[in-house]
file protein31.pdb (PDB, C-alpha atoms)
ATOM      1  CA  MET D1106      98.613  92.708  50.965
ATOM      2  CA  ASP D1107     101.330  92.833  53.610
ATOM      3  CA  ASP D1108     100.739  96.468  54.525
ATOM      4  CA  ILE D1109      97.558  95.741  56.479
ATOM      5  CA  THR D1110      98.926  94.060  59.567
ATOM      6  CA  PRO D1111      96.328  94.289  62.321
ATOM      7  CA  PRO D1112      97.664  94.830  65.851
ATOM      8  CA  ALA D1113      97.766  91.710  67.994
ATOM      9  CA  PRO D1114      94.727  91.559  70.297
ATOM     10  CA  PRO D1115      95.294  91.579  74.045
ATOM     11  CA  GLY D1116      95.750  88.002  75.187
ATOM     12  CA  GLY D1117      96.246  86.834  71.605
ATOM     13  CA  CYS D1118      99.358  85.397  70.030
ATOM     14  CA  GLY D1119     102.512  87.410  69.419
ATOM     15  CA  PRO D1120     103.188  89.252  66.152
ATOM     16  CA  THR D1121     105.609  86.617  64.812
ATOM     17  CA  GLU D1122     103.281  83.736  65.489
ATOM     18  CA  TRP D1123     100.391  85.660  63.985
ATOM     19  CA  ALA D1124     102.415  86.378  60.839
ATOM     20  CA  THR D1125     102.981  82.642  60.412
ATOM     21  CA  ARG D1126      99.335  81.823  60.950
ATOM     22  CA  ARG D1127      98.226  84.587  58.649
ATOM     23  CA  ARG D1128     100.478  83.364  55.868
ATOM     24  CA  ALA D1129      99.103  79.826  56.267
ATOM     25  CA  VAL D1130      95.510  81.056  56.133
ATOM     26  CA  LEU D1131      96.122  83.225  53.058
ATOM     27  CA  ARG D1132      97.933  80.407  51.266
ATOM     28  CA  ASP D1133      95.044  77.999  51.952
ATOM     29  CA  ALA D1134      92.524  80.603  50.810
ATOM     30  CA  LEU D1135      94.336  81.023  47.507
ATOM     31  CA  ALA D1136      94.553  77.253  47.012
ATOM     32  CA  VAL D1137      90.830  76.823  47.650
ATOM     33  CA  GLY D1138      90.072  79.688  45.259
ATOM     34  CA  THR D1139      92.172  78.083  42.534
ATOM     35  CA  ALA D1140      90.468  74.729  43.029
ATOM     36  CA  THR D1141      86.982  76.237  42.716
ATOM     37  CA  GLY D1142      88.181  78.055  39.596
ATOM     38  CA  ALA D1143      88.073  74.686  37.846
ATOM     39  CA  TYR D1144      84.393  74.322  38.715
ATOM     40  CA  GLY D1145      83.802  77.886  37.535
ATOM     41  CA  LEU D1146      85.260  76.995  34.173
ATOM     42  CA  SER D1147      82.835  74.112  33.740
ATOM     43  CA  PHE D1148      79.976  76.235  35.085
ATOM     44  CA  GLY D1149      80.598  78.910  32.439
ATOM     45  CA  ALA D1150      80.750  76.303  29.688
ATOM     46  CA  LEU D1151      77.629  74.439  30.888
ATOM     47  CA  ALA D1152      75.665  77.669  31.278
ATOM     48  CA  SER D1153      76.364  78.412  27.632
ATOM     49  CA  ALA D1154      75.340  74.880  26.687
ATOM     50  CA  ALA D1155      72.072  75.358  28.620
ATOM     51  CA  GLY D1156      71.281  78.422  26.523
ATOM     52  CA  LEU D1157      72.340  81.243  28.845
ATOM     53  CA  SER D1158      74.172  84.264  27.465
ATOM     54  CA  VAL D1159      77.651  85.137  28.698
ATOM     55  CA  TRP D1160      76.098  87.987  30.691
ATOM     56  CA  GLN D1161      73.559  85.715  32.354
ATOM     57  CA  ALA D1162      76.290  83.286  33.358
ATOM     58  CA  MET D1163      78.353  86.178  34.738
ATOM     59  CA  VAL D1164      75.449  87.661  36.700
ATOM     60  CA  LEU D1165      74.718  84.257  38.222
ATOM     61  CA  SER D1166      78.300  83.820  39.386
ATOM     62  CA  ALA D1167      78.505  87.375  40.738
ATOM     63  CA  LEU D1168      75.081  87.607  42.410
ATOM     64  CA  MET D1169      74.027  84.053  43.219
ATOM     65  CA  PHE D1170      77.577  82.950  44.036
ATOM     66  CA  THR D1171      76.851  79.481  45.345
ATOM     67  CA  GLY D1172      77.955  76.734  42.997
ATOM     68  CA  ALA D1173      75.443  73.941  43.510
ATOM     69  CA  SER D1174      72.483  76.334  43.137
ATOM     70  CA  GLN D1175      73.973  77.793  39.968
ATOM     71  CA  PHE D1176      74.556  74.369  38.405
ATOM     72  CA  ALA D1177      71.012  73.340  39.372
ATOM     73  CA  LEU D1178      69.429  76.499  37.995
ATOM     74  CA  ILE D1179      71.008  76.053  34.584
ATOM     75  CA  GLY D1180      70.255  72.325  34.740
ATOM     76  CA  VAL D1181      66.525  72.921  35.178
ATOM     77  CA  LEU D1182      66.452  75.721  32.589
ATOM     78  CA  GLY D1183      68.478  73.647  30.131
ATOM     79  CA  ALA D1184      66.019  70.752  30.477
ATOM     80  CA  GLY D1185      63.173  73.092  29.561
ATOM     81  CA  GLY D1186      61.922  73.745  33.101
ATOM     82  CA  GLY D1187      60.161  77.029  33.875
ATOM     83  CA  PRO D1188      61.698  79.903  35.856
ATOM     84  CA  ALA D1189      59.631  79.032  38.952
ATOM     85  CA  ALA D1190      60.954  75.469  39.122
ATOM     86  CA  ALA D1191      64.497  76.689  38.424
ATOM     87  CA  VAL D1192      64.357  79.348  41.162
ATOM     88  CA  ALA D1193      62.799  76.959  43.687
ATOM     89  CA  THR D1194      65.455  74.319  43.023
ATOM     90  CA  ALA D1195      68.271  76.864  43.347
ATOM     91  CA  ALA D1196      66.860  78.260  46.596
ATOM     92  CA  LEU D1197      66.381  74.795  48.100
ATOM     93  CA  LEU D1198      70.002  73.982  47.336
ATOM     94  CA  GLY D1199      71.041  77.335  48.794
ATOM     95  CA  SER D1200      69.269  76.570  52.065
ATOM     96  CA  ARG D1201      72.354  74.800  53.437
ATOM     97  CA  ASN D1202      74.192  78.127  53.398
ATOM     98  CA  ALA D1203      71.770  79.285  56.085
ATOM     99  CA  LEU D1204      73.115  76.583  58.378
ATOM    100  CA  TYR D1205      76.678  77.826  57.962
ATOM    101  CA  GLY D1206      75.460  81.198  59.169
ATOM    102  CA  LEU D1207      74.705  79.750  62.579
ATOM    103  CA  ARG D1208      78.357  78.844  63.134
ATOM    104  CA  LEU D1209      79.687  81.948  61.414
ATOM    105  CA  THR D1210      77.635  84.517  63.345
ATOM    106  CA  ALA D1211      79.746  84.014  66.448
ATOM    107  CA  ILE D1212      83.022  84.032  64.513
ATOM    108  CA  LEU D1213      82.371  87.102  62.389
ATOM    109  CA  GLN D1214      80.371  89.294  64.766
ATOM    110  CA  ALA D1215      79.547  91.422  61.756
ATOM    111  CA  ARG D1216      76.910  94.150  61.915
ATOM    112  CA  GLY D1217      75.120  96.471  59.499
ATOM    113  CA  PRO D1218      76.565  96.699  55.984
ATOM    114  CA  ILE D1219      79.466  94.399  56.878
ATOM    115  CA  ARG D1220      76.965  91.679  57.746
ATOM    116  CA  LEU D1221      75.203  92.177  54.394
ATOM    117  CA  LEU D1222      78.545  91.773  52.628
ATOM    118  CA  ALA D1223      79.540  88.803  54.785
ATOM    119  CA  ALA D1224      76.261  87.067  53.927
ATOM    120  CA  HIS D1225      77.140  87.180  50.232
ATOM    121  CA  LEU D1226      80.394  85.313  50.896
ATOM    122  CA  VAL D1227      78.780  82.519  52.967
ATOM    123  CA  ILE D1228      79.497  79.422  50.869
ATOM    124  CA  ASP D1229      80.750  75.879  51.459
ATOM    125  CA  GLU D1230      84.409  76.848  51.100
ATOM    126  CA  SER D1231      84.494  79.995  53.258
ATOM    127  CA  ALA D1232      82.477  78.310  56.008
ATOM    128  CA  ALA D1233      84.652  75.197  55.954
ATOM    129  CA  MET D1234      87.866  77.235  56.098
ATOM    130  CA  ALA D1235      86.609  79.405  58.972
ATOM    131  CA  VAL D1236      85.157  76.804  61.310
ATOM    132  CA  VAL D1237      88.295  74.644  61.442
ATOM    133  CA  ARG D1238      90.500  77.452  62.842
ATOM    134  CA  THR D1239      91.327  77.306  66.519
ATOM    135  CA  ASP D1240      91.418  81.048  67.233
ATOM    136  CA  GLN D1241      88.815  83.603  66.289
ATOM    137  CA  ARG D1242      91.193  85.963  64.541
ATOM    138  CA  SER D1243      92.436  83.261  62.136
ATOM    139  CA  ALA D1244      88.853  82.084  61.631
ATOM    140  CA  ARG D1245      87.723  85.576  60.675
ATOM    141  CA  LEU D1246      90.643  86.061  58.306
ATOM    142  CA  ALA D1247      90.024  82.613  56.802
ATOM    143  CA  PHE D1248      86.391  83.490  56.096
ATOM    144  CA  TRP D1249      87.111  86.816  54.402
ATOM    145  CA  ALA D1250      90.226  85.673  52.536
ATOM    146  CA  THR D1251      88.577  82.501  51.248
ATOM    147  CA  GLY D1252      85.404  84.380  50.320
ATOM    148  CA  ALA D1253      87.384  86.997  48.387
ATOM    149  CA  SER D1254      89.677  84.478  46.716
ATOM    150  CA  VAL D1255      86.865  82.141  45.639
ATOM    151  CA  PHE D1256      84.695  85.062  44.502
ATOM    152  CA  SER D1257      87.418  86.501  42.240
ATOM    153  CA  LEU D1258      88.537  83.232  40.696
ATOM    154  CA  TRP D1259      85.016  81.805  40.388
ATOM    155  CA  ASN D1260      83.876  84.827  38.391
ATOM    156  CA  LEU D1261      86.981  84.952  36.190
ATOM    157  CA  ALA D1262      86.651  81.231  35.454
ATOM    158  CA  THR D1263      82.942  81.586  34.648
ATOM    159  CA  LEU D1264      83.744  84.228  32.062
ATOM    160  CA  ALA D1265      86.497  82.096  30.517
ATOM    161  CA  GLY D1266      84.273  78.999  30.430
ATOM    162  CA  ALA D1267      81.301  80.834  28.928
ATOM    163  CA  LEU D1268      83.418  82.504  26.249
ATOM    164  CA  GLY D1269      85.182  79.216  25.482
ATOM    165  CA  ALA D1270      81.945  77.292  24.974
ATOM    166  CA  ARG D1271      80.507  80.142  22.873
ATOM    167  CA  SER D1272      83.078  79.504  20.212
ATOM    168  CA  PHE D1273      81.303  76.248  19.292
ATOM    169  CA  ASP D1274      77.940  76.160  17.512
ATOM    170  CA  ASP D1275      76.590  73.073  19.246
ATOM    171  CA  PRO D1276      78.050  72.253  22.666
ATOM    172  CA  ARG D1277      76.779  68.677  22.280
ATOM    173  CA  VAL D1278      79.659  68.090  19.865
ATOM    174  CA  LEU D1279      81.956  68.564  22.870
ATOM    175  CA  GLY D1280      79.827  66.224  24.981
ATOM    176  CA  LEU D1281      78.977  69.084  27.353
ATOM    177  CA  ASP D1282      75.479  67.686  27.952
ATOM    178  CA  ALA D1283      77.135  64.648  29.536
ATOM    179  CA  ALA D1284      79.674  66.766  31.398
ATOM    180  CA  ALA D1285      76.944  68.345  33.571
ATOM    181  CA  PRO D1286      75.682  65.143  35.262
ATOM    182  CA  ALA D1287      79.291  63.917  35.496
ATOM    183  CA  ALA D1288      80.185  67.114  37.365
ATOM    184  CA  PHE D1289      77.299  66.572  39.809
ATOM    185  CA  ILE D1290      78.359  62.998  40.466
ATOM    186  CA  ALA D1291      81.960  64.072  41.091
ATOM    187  CA  LEU D1292      80.709  66.748  43.504
ATOM    188  CA  LEU D1293      78.443  64.313  45.332
ATOM    189  CA  ALA D1294      80.787  61.342  45.571
ATOM    190  CA  PRO D1295      82.205  62.027  49.058
ATOM    191  CA  ARG D1296      78.694  62.490  50.488
ATOM    192  CA  LEU D1297      77.352  59.323  48.885
ATOM    193  CA  ARG D1298      79.743  57.133  50.877
ATOM    194  CA  ASP D1299      77.376  57.571  53.856
ATOM    195  CA  ARG D1300      74.517  55.050  53.718
ATOM    196  CA  ASP D1301      72.066  57.363  55.485
ATOM    197  CA  THR D1302      72.548  59.861  52.674
ATOM    198  CA  ARG D1303      72.891  57.446  49.777
ATOM    199  CA  ILE D1304      69.483  55.802  50.206
ATOM    200  CA  PRO D1305      67.405  59.009  50.308
ATOM    201  CA  ALA D1306      69.453  60.342  47.374
ATOM    202  CA  ALA D1307      68.759  57.209  45.329
ATOM    203  CA  ALA D1308      65.066  57.422  46.217
ATOM    204  CA  ALA D1309      64.955  61.074  45.124
ATOM    205  CA  ALA D1310      66.672  60.214  41.836
ATOM    206  CA  ALA D1311      64.312  57.294  41.161
ATOM    207  CA  LEU D1312      61.245  59.425  41.895
ATOM    208  CA  ALA D1313      62.427  62.217  39.586
ATOM    209  CA  LEU D1314      63.088  59.725  36.795
ATOM    210  CA  ALA D1315      59.730  57.981  37.231
ATOM    211  CA  LEU D1316      57.812  61.273  37.187
ATOM    212  CA  THR D1317      59.549  62.738  34.128
ATOM    213  CA  PRO D1318      57.224  61.269  31.457
ATOM    214  CA  ALA D1319      54.140  62.324  33.430
ATOM    215  CA  VAL D1320      54.684  65.902  34.604
ATOM    216  CA  PRO D1321      56.090  69.189  33.189
ATOM    217  CA  ALA D1322      59.881  69.786  33.228
ATOM    218  CA  GLY D1323      61.226  71.010  36.562
ATOM    219  CA  VAL D1324      58.472  69.361  38.612
ATOM    220  CA  PRO D1325      60.280  65.999  39.045
ATOM    221  CA  ILE D1326      63.154  67.756  40.835
ATOM    222  CA  LEU D1327      60.755  69.603  43.136
ATOM    223  CA  ALA D1328      58.952  66.343  43.917
ATOM    224  CA  ALA D1329      62.330  64.821  44.757
ATOM    225  CA  ALA D1330      62.941  67.754  47.118
ATOM    226  CA  ALA D1331      59.562  67.256  48.779
ATOM    227  CA  LEU D1332      60.318  63.565  49.290
ATOM    228  CA  THR D1333      63.673  64.440  50.845
ATOM    229  CA  VAL D1334      62.135  66.944  53.272
ATOM    230  CA  LEU D1335      59.622  64.286  54.270
ATOM    231  CA  VAL D1336      62.383  61.731  54.844
ATOM    232  CA  GLY D1337      64.310  64.275  56.930
ATOM    233  CA  LEU D1338      61.251  65.036  59.060
ATOM    234  CA  LEU D1339      60.103  61.490  59.597
ATOM    235  CA  ARG D1340      63.225  59.421  60.001
ATOM    236  CA  PRO D1341      64.866  59.951  63.359
ATOM    237  CA  ARG D1342      68.593  59.373  63.240
ATOM    238  CA  ARG D1343      69.778  56.848  65.787
ATOM    239  CA  GLY D1344      71.948  58.152  68.593
ATOM    240  CA  THR D1345      74.827  55.823  67.689
ATOM    241  CA  ARG D1346      75.796  58.010  64.758
ATOM    242  CA  SER D1347      75.790  61.424  66.383
TER     243      SER D1347
ATOM    244  CA  MET V 997      65.916  83.407  31.600
ATOM    245  CA  TRP V 998      66.727  86.740  33.231
ATOM    246  CA  LEU V 999      63.774  86.340  35.593
ATOM    247  CA  ALA V1000      65.098  82.982  36.798
ATOM    248  CA  VAL V1001      68.645  84.351  37.048
ATOM    249  CA  LEU V1002      67.707  87.379  39.161
ATOM    250  CA  LEU V1003      65.037  85.770  41.353
ATOM    251  CA  GLY V1004      67.269  82.763  41.912
ATOM    252  CA  ALA V1005      70.148  85.019  42.949
ATOM    253  CA  ALA V1006      67.878  86.915  45.352
ATOM    254  CA  GLY V1007      66.561  83.687  46.849
ATOM    255  CA  CYS V1008      70.045  82.306  47.438
ATOM    256  CA  TYR V1009      71.245  85.569  48.998
ATOM    257  CA  LEU V1010      68.294  85.574  51.388
ATOM    258  CA  CYS V1011      69.170  82.014  52.434
ATOM    259  CA  LYS V1012      72.685  83.154  53.318
ATOM    260  CA  LEU V1013      71.498  86.278  55.134
ATOM    261  CA  ALA V1014      68.855  84.291  57.014
ATOM    262  CA  GLY V1015      71.616  82.121  58.454
ATOM    263  CA  LEU V1016      73.451  85.141  59.847
ATOM    264  CA  SER V1017      70.196  86.594  61.205
ATOM    265  CA  MET V1018      68.130  83.613  62.346
ATOM    266  CA  PRO V1019      67.718  82.744  66.011
ATOM    267  CA  ALA V1020      69.967  79.793  66.803
ATOM    268  CA  ARG V1021      66.921  77.811  67.985
ATOM    269  CA  VAL V1022      65.588  77.271  64.461
ATOM    270  CA  LEU V1023      68.887  76.336  62.839
ATOM    271  CA  ASP V1024      69.894  74.197  65.804
ATOM    272  CA  ASP V1025      66.834  71.980  65.454
ATOM    273  CA  PRO V1026      68.076  68.513  64.472
ATOM    274  CA  ARG V1027      65.350  68.231  61.840
ATOM    275  CA  THR V1028      66.510  71.444  60.153
ATOM    276  CA  GLN V1029      70.090  70.182  60.242
ATOM    277  CA  ARG V1030      69.134  66.805  58.820
ATOM    278  CA  ILE V1031      67.050  68.232  55.991
ATOM    279  CA  ALA V1032      69.668  70.808  55.066
ATOM    280  CA  ALA V1033      72.344  68.124  54.942
ATOM    281  CA  LEU V1034      70.208  65.766  52.887
ATOM    282  CA  LEU V1035      68.560  68.210  50.455
ATOM    283  CA  PRO V1036      71.575  69.213  48.337
ATOM    284  CA  VAL V1037      72.715  65.619  47.869
ATOM    285  CA  ALA V1038      69.270  64.291  46.997
ATOM    286  CA  LEU V1039      68.468  67.200  44.668
ATOM    287  CA  LEU V1040      71.740  66.968  42.786
ATOM    288  CA  ALA V1041      71.388  63.197  42.504
ATOM    289  CA  ALA V1042      67.908  63.647  41.025
ATOM    290  CA  LEU V1043      69.184  66.323  38.682
ATOM    291  CA  ALA V1044      72.156  64.259  37.500
ATOM    292  CA  THR V1045      69.905  61.250  36.880
ATOM    293  CA  THR V1046      67.327  63.146  34.828
ATOM    294  CA  GLN V1047      70.063  64.954  32.893
ATOM    295  CA  THR V1048      71.577  61.622  31.951
ATOM    296  CA  LEU V1049      68.503  59.571  31.101
ATOM    297  CA  THR V1050      65.837  61.977  29.841
ATOM    298  CA  THR V1051      65.325  64.305  26.895
ATOM    299  CA  GLY V1052      62.343  66.566  27.400
ATOM    300  CA  GLN V1053      59.730  64.243  28.878
ATOM    301  CA  GLN V1054      61.120  61.030  27.396
ATOM    302  CA  LEU V1055      63.346  58.455  29.011
ATOM    303  CA  VAL V1056      66.250  57.736  26.667
ATOM    304  CA  ILE V1057      69.508  55.827  26.700
ATOM    305  CA  ASP V1058      72.088  57.583  24.509
ATOM    306  CA  PRO V1059      75.821  58.445  24.632
ATOM    307  CA  ARG V1060      75.213  60.440  27.808
ATOM    308  CA  ALA V1061      74.522  57.219  29.741
ATOM    309  CA  ALA V1062      77.830  55.717  28.616
ATOM    310  CA  ALA V1063      79.620  58.983  29.398
ATOM    311  CA  VAL V1064      78.214  59.121  32.914
ATOM    312  CA  GLY V1065      79.113  55.452  33.373
ATOM    313  CA  VAL V1066      82.717  56.350  32.551
ATOM    314  CA  ALA V1067      82.474  59.292  34.981
ATOM    315  CA  ILE V1068      81.248  57.005  37.782
ATOM    316  CA  ILE V1069      84.185  54.640  37.217
ATOM    317  CA  ALA V1070      86.556  57.629  37.278
ATOM    318  CA  VAL V1071      84.993  58.867  40.527
ATOM    319  CA  VAL V1072      85.320  55.434  42.120
ATOM    320  CA  LEU V1073      88.997  55.446  41.101
ATOM    321  CA  ARG V1074      89.231  58.875  42.789
ATOM    322  CA  ALA V1075      90.119  60.827  39.668
ATOM    323  CA  PRO V1076      90.242  64.615  40.162
ATOM    324  CA  PHE V1077      87.131  66.655  39.350
ATOM    325  CA  LEU V1078      88.268  68.135  36.045
ATOM    326  CA  LEU V1079      89.421  64.752  34.748
ATOM    327  CA  VAL V1080      86.027  63.207  35.568
ATOM    328  CA  VAL V1081      84.213  65.955  33.674
ATOM    329  CA  ALA V1082      86.629  65.820  30.741
ATOM    330  CA  LEU V1083      86.361  62.022  30.447
ATOM    331  CA  ALA V1084      82.563  62.209  30.387
ATOM    332  CA  ALA V1085      82.539  64.922  27.745
ATOM    333  CA  ALA V1086      85.111  63.069  25.630
ATOM    334  CA  THR V1087      83.136  59.801  25.832
ATOM    335  CA  ALA V1088      79.904  61.440  24.685
ATOM    336  CA  ALA V1089      81.687  63.378  21.948
ATOM    337  CA  LEU V1090      83.474  60.267  20.622
ATOM    338  CA  LEU V1091      80.326  58.118  20.621
ATOM    339  CA  ARG V1092      78.559  60.755  18.539
ATOM    340  CA  LEU V1093      81.282  60.985  15.912
ATOM    341  CA  PRO V1094      79.796  58.437  13.420
ATOM    342  CA  GLU V1095      76.453  60.297  13.338
TER     343      GLU V1095
END
call {"tool": "encode", "arguments": {"input": "protein31.pdb", "output": "structure tokens"}}
result
Amino acid sequence: MDDITPPAPPGGCGPTEWATRRRAVLRDALAVGTATGAYGLSFGALASAAGLSVWQAMVLSALMFTGASQFALIGVLGAGGGPAAAVATAALLGSRNALYGLRLTAILQARGPIRLLAAHLVIDESAAMAVVRTDQRSARLAFWATGASVFSLWNLATLAGALGARSFDDPRVLGLDAAAPAAFIALLAPRLRDRDTRIPAAAAAALALALTPAVPAGVPILAAAALTVLVGLLRPRRGTRS
Amino acid sequence: MWLAVLLGAAGCYLCKLAGLSMPARVLDDPRTQRIAALLPVALLAALATTQTLTTGQQLVIDPRAAAVGVAIIAVVLRAPFLLVVALAAATAALLRLPE
């Protein structure tokens, strides 16, 4: 990796300082990749439990490559929801990645095929790592390094998780059906500390639960999404919080 | 399954690409920001709830509810992600043993 040292830009930092920064960015990128590997492991296992083949789990991690959407897709399919409901839920969850693009466009300044590749790597982790950097060069490196690191480890972990779960006949014996909602709750916990988020989330959950006996699988989640969009449109946030 | 896998992947990629291609005006709109921040949390909360308390179209209380209860306690105690998931799985697996 050390053989590709880009020349320092005019007006940028010196080569020694850049080397230090670059090392810090690459180290963080690897750490973030390793951390998401753990989620990949559970994703692979849960995908198997939801009835997906190892190949389907692998294709999801390689092509969809955005964790929450992947977990949601297998969640809806595993509960017996149709492909339409599963795809709609995954896409709705993926919509937040579009917002990262707004910040990243200026940082990356990618065009043509590079932009198409960059788009694939726009995820929570790469966006978060890029936007906190103070200079553009570090930000760009952080985006690409984190994207590459998470992509590699996420896919490897998915394979390991899927193969691991395959070796059991009924994943319920391992309690994997309870592991899925537990994983969601662990993912959500930091966001639920905010009251303005917690109340709409609780309302969405209550609506989905109440609708379940009455409508086909998959629909309760979409109704919860519709309710959330409505709440977002109607409820103006007070200026004190922004 | 494959249909959902491939269409879902395409949909998510288009979301990402849209962000890098969209005029700033649309994504800058506070309503867009608010909805995009709220949607993932609300959807995952709804998903976690139905996964815990329903089987097919029926509301049920079974070992999953106890397992998720344990997970919530672990989360409140700030246990790391993998531990939370492992505790939930272990709880459900143990409660099913006598069956």
call {"tool": "resolve_selection", "arguments": {"input": "protein31.pdb", "expression": "the PyMOL selection byres ((chain D and resi 1326-1342) around 8)", "output": "PyMOL selection string"}}
result
(chain D and resi 1190+1193-1194+1197+1305-1306+1309-1310+1312-1313+1323-1325+1343-1344+1346) or (chain V and resi 1027+1030-1031+1034-1035+1038-1039+1042-1043)
call {"tool": "write_last_selection", "arguments": {"input": "protein31.pdb", "atoms": "C-alpha atoms", "output": "PDB file, in the frame of the given file"}}
result
ATOM      1  CA  ALA D1190      60.954  75.469  39.122  1.00  0.00           C
ATOM      2  CA  ALA D1193      62.799  76.959  43.687  1.00  0.00           C
ATOM      3  CA  THR D1194      65.455  74.319  43.023  1.00  0.00           C
ATOM      4  CA  LEU D1197      66.381  74.795  48.100  1.00  0.00           C
ATOM      5  CA  PRO D1305      67.405  59.009  50.308  1.00  0.00           C
ATOM      6  CA  ALA D1306      69.453  60.342  47.374  1.00  0.00           C
ATOM      7  CA  ALA D1309      64.955  61.074  45.124  1.00  0.00           C
ATOM      8  CA  ALA D1310      66.672  60.214  41.836  1.00  0.00           C
ATOM      9  CA  LEU D1312      61.245  59.425  41.895  1.00  0.00           C
ATOM     10  CA  ALA D1313      62.427  62.217  39.586  1.00  0.00           C
ATOM     11  CA  GLY D1323      61.226  71.010  36.562  1.00  0.00           C
ATOM     12  CA  VAL D1324      58.472  69.361  38.612  1.00  0.00           C
ATOM     13  CA  PRO D1325      60.280  65.999  39.045  1.00  0.00           C
ATOM     14  CA  ARG D1343      69.778  56.848  65.787  1.00  0.00           C
ATOM     15  CA  GLY D1344      71.948  58.152  68.593  1.00  0.00           C
ATOM     16  CA  ARG D1346      75.796  58.010  64.758  1.00  0.00           C
TER      17      ARG D1346
ATOM     18  CA  ARG V1027      65.350  68.231  61.840  1.00  0.00           C
ATOM     19  CA  ARG V1030      69.134  66.805  58.820  1.00  0.00           C
ATOM     20  CA  ILE V1031      67.050  68.232  55.991  1.00  0.00           C
ATOM     21  CA  LEU V1034      70.208  65.766  52.887  1.00  0.00           C
ATOM     22  CA  LEU V1035      68.560  68.210  50.455  1.00  0.00           C
ATOM     23  CA  ALA V1038      69.270  64.291  46.997  1.00  0.00           C
ATOM     24  CA  LEU V1039      68.468  67.200  44.668  1.00  0.00           C
ATOM     25  CA  ALA V1042      67.908  63.647  41.025  1.00  0.00           C
ATOM     26  CA  LEU V1043      69.184  66.323  38.682  1.00  0.00           C
TER      27      LEU V1043
END
call {"tool": "interface_residues", "arguments": {"input": "protein31.pdb", "of": "chain V", "to": "chain D", "cutoff": "7 Å", "atoms": "only C-alpha atoms", "output": "compact mmCIF listing (two decimals) with C-alpha atoms, keeping the file's coordinate frame"}}
result
# COMPACT_ATOMS: atom_id res chain seq x y z
CA MET V 997 65.92 83.41 31.60
CA TRP V 998 66.73 86.74 33.23
CA LEU V 999 63.77 86.34 35.59
CA ALA V 1000 65.10 82.98 36.80
CA VAL V 1001 68.64 84.35 37.05
CA LEU V 1003 65.04 85.77 41.35
CA GLY V 1004 67.27 82.76 41.91
CA ALA V 1005 70.15 85.02 42.95
CA GLY V 1007 66.56 83.69 46.85
CA CYS V 1008 70.04 82.31 47.44
CA TYR V 1009 71.24 85.57 49.00
CA CYS V 1011 69.17 82.01 52.43
CA LYS V 1012 72.68 83.15 53.32
CA LEU V 1013 71.50 86.28 55.13
CA ALA V 1014 68.86 84.29 57.01
CA GLY V 1015 71.62 82.12 58.45
CA LEU V 1016 73.45 85.14 59.85
CA ALA V 1020 69.97 79.79 66.80
CA LEU V 1023 68.89 76.34 62.84
CA ARG V 1027 65.35 68.23 61.84
CA ARG V 1030 69.13 66.81 58.82
CA ILE V 1031 67.05 68.23 55.99
CA ALA V 1032 69.67 70.81 55.07
CA ALA V 1033 72.34 68.12 54.94
CA LEU V 1034 70.21 65.77 52.89
CA LEU V 1035 68.56 68.21 50.46
CA PRO V 1036 71.58 69.21 48.34
CA VAL V 1037 72.72 65.62 47.87
CA ALA V 1038 69.27 64.29 47.00
CA LEU V 1039 68.47 67.20 44.67
CA LEU V 1040 71.74 66.97 42.79
CA ALA V 1041 71.39 63.20 42.50
CA ALA V 1042 67.91 63.65 41.02
CA LEU V 1043 69.18 66.32 38.68
CA ALA V 1044 72.16 64.26 37.50
CA THR V 1045 69.90 61.25 36.88
CA THR V 1046 67.33 63.15 34.83
CA GLN V 1047 70.06 64.95 32.89
CA THR V 1048 71.58 61.62 31.95
CA GLY V 1052 62.34 66.57 27.40
CA GLN V 1053 59.73 64.24 28.88
CA GLN V 1054 61.12 61.03 27.40
CA ARG V 1060 75.21 60.44 27.81
CA ALA V 1063 79.62 58.98 29.40
CA VAL V 1064 78.21 59.12 32.91
CA ALA V 1067 82.47 59.29 34.98
CA VAL V 1071 84.99 58.87 40.53
CA PHE V 1077 87.13 66.66 39.35
CA LEU V 1078 88.27 68.14 36.04
CA VAL V 1080 86.03 63.21 35.57
CA VAL V 1081 84.21 65.96 33.67
CA ALA V 1084 82.56 62.21 30.39
CA ALA V 1085 82.54 64.92 27.74
CA ALA V 1086 85.11 63.07 25.63
CA ALA V 1088 79.90 61.44 24.68
CA ALA V 1089 81.69 63.38 21.95
call {"tool": "atom_distance", "arguments": {"input": "protein31.pdb", "atom1": "atom CA of D:Ser1243", "atom2": "atom CA of D:Trp1123"}}
result
8.5 Å
call {"tool": "axis_aligned_box", "arguments": {"input": "protein31.pdb", "around": "stretch 1252-1270 of chain D", "padding_each_side": "5 Å", "output": "lines of an AutoDock Vina configuration file"}}
result
center_x = 85.5
center_y = 82.1
center_z = 37.6
size_x = 18.4
size_y = 19.7
size_z = 35.3
call {"tool": "atom_distance", "arguments": {"input": "protein31.pdb", "atom1": "atom CA of V:Leu1093", "atom2": "atom CA of V:Pro1059"}}
result
10.6 Å
call {"tool": "closest_residue", "arguments": {"input": "protein31.pdb", "among": "D:Leu1261, D:Arg1126, D:Ser1231, D:Gly1266", "to": "D:Ala1247", "atoms": "all atoms listed in the file"}}
result
D:Ser1231
call {"tool": "resolve_selection", "arguments": {"input": "protein31.pdb", "expression": "the PyMOL selection byres ((chain D and resi 1252) around 12)", "output": "MDAnalysis selection string"}}
result
chainID D and resid 1131 1133:1135 1137:1138 1141 1170:1171 1222:1235 1245:1251 1253:1259
call {"tool": "atom_distance", "arguments": {"input": "protein31.pdb", "atom1": "atom CA of D:Ala1244", "atom2": "atom CA of V:Leu1010"}}
result
23.2 Å
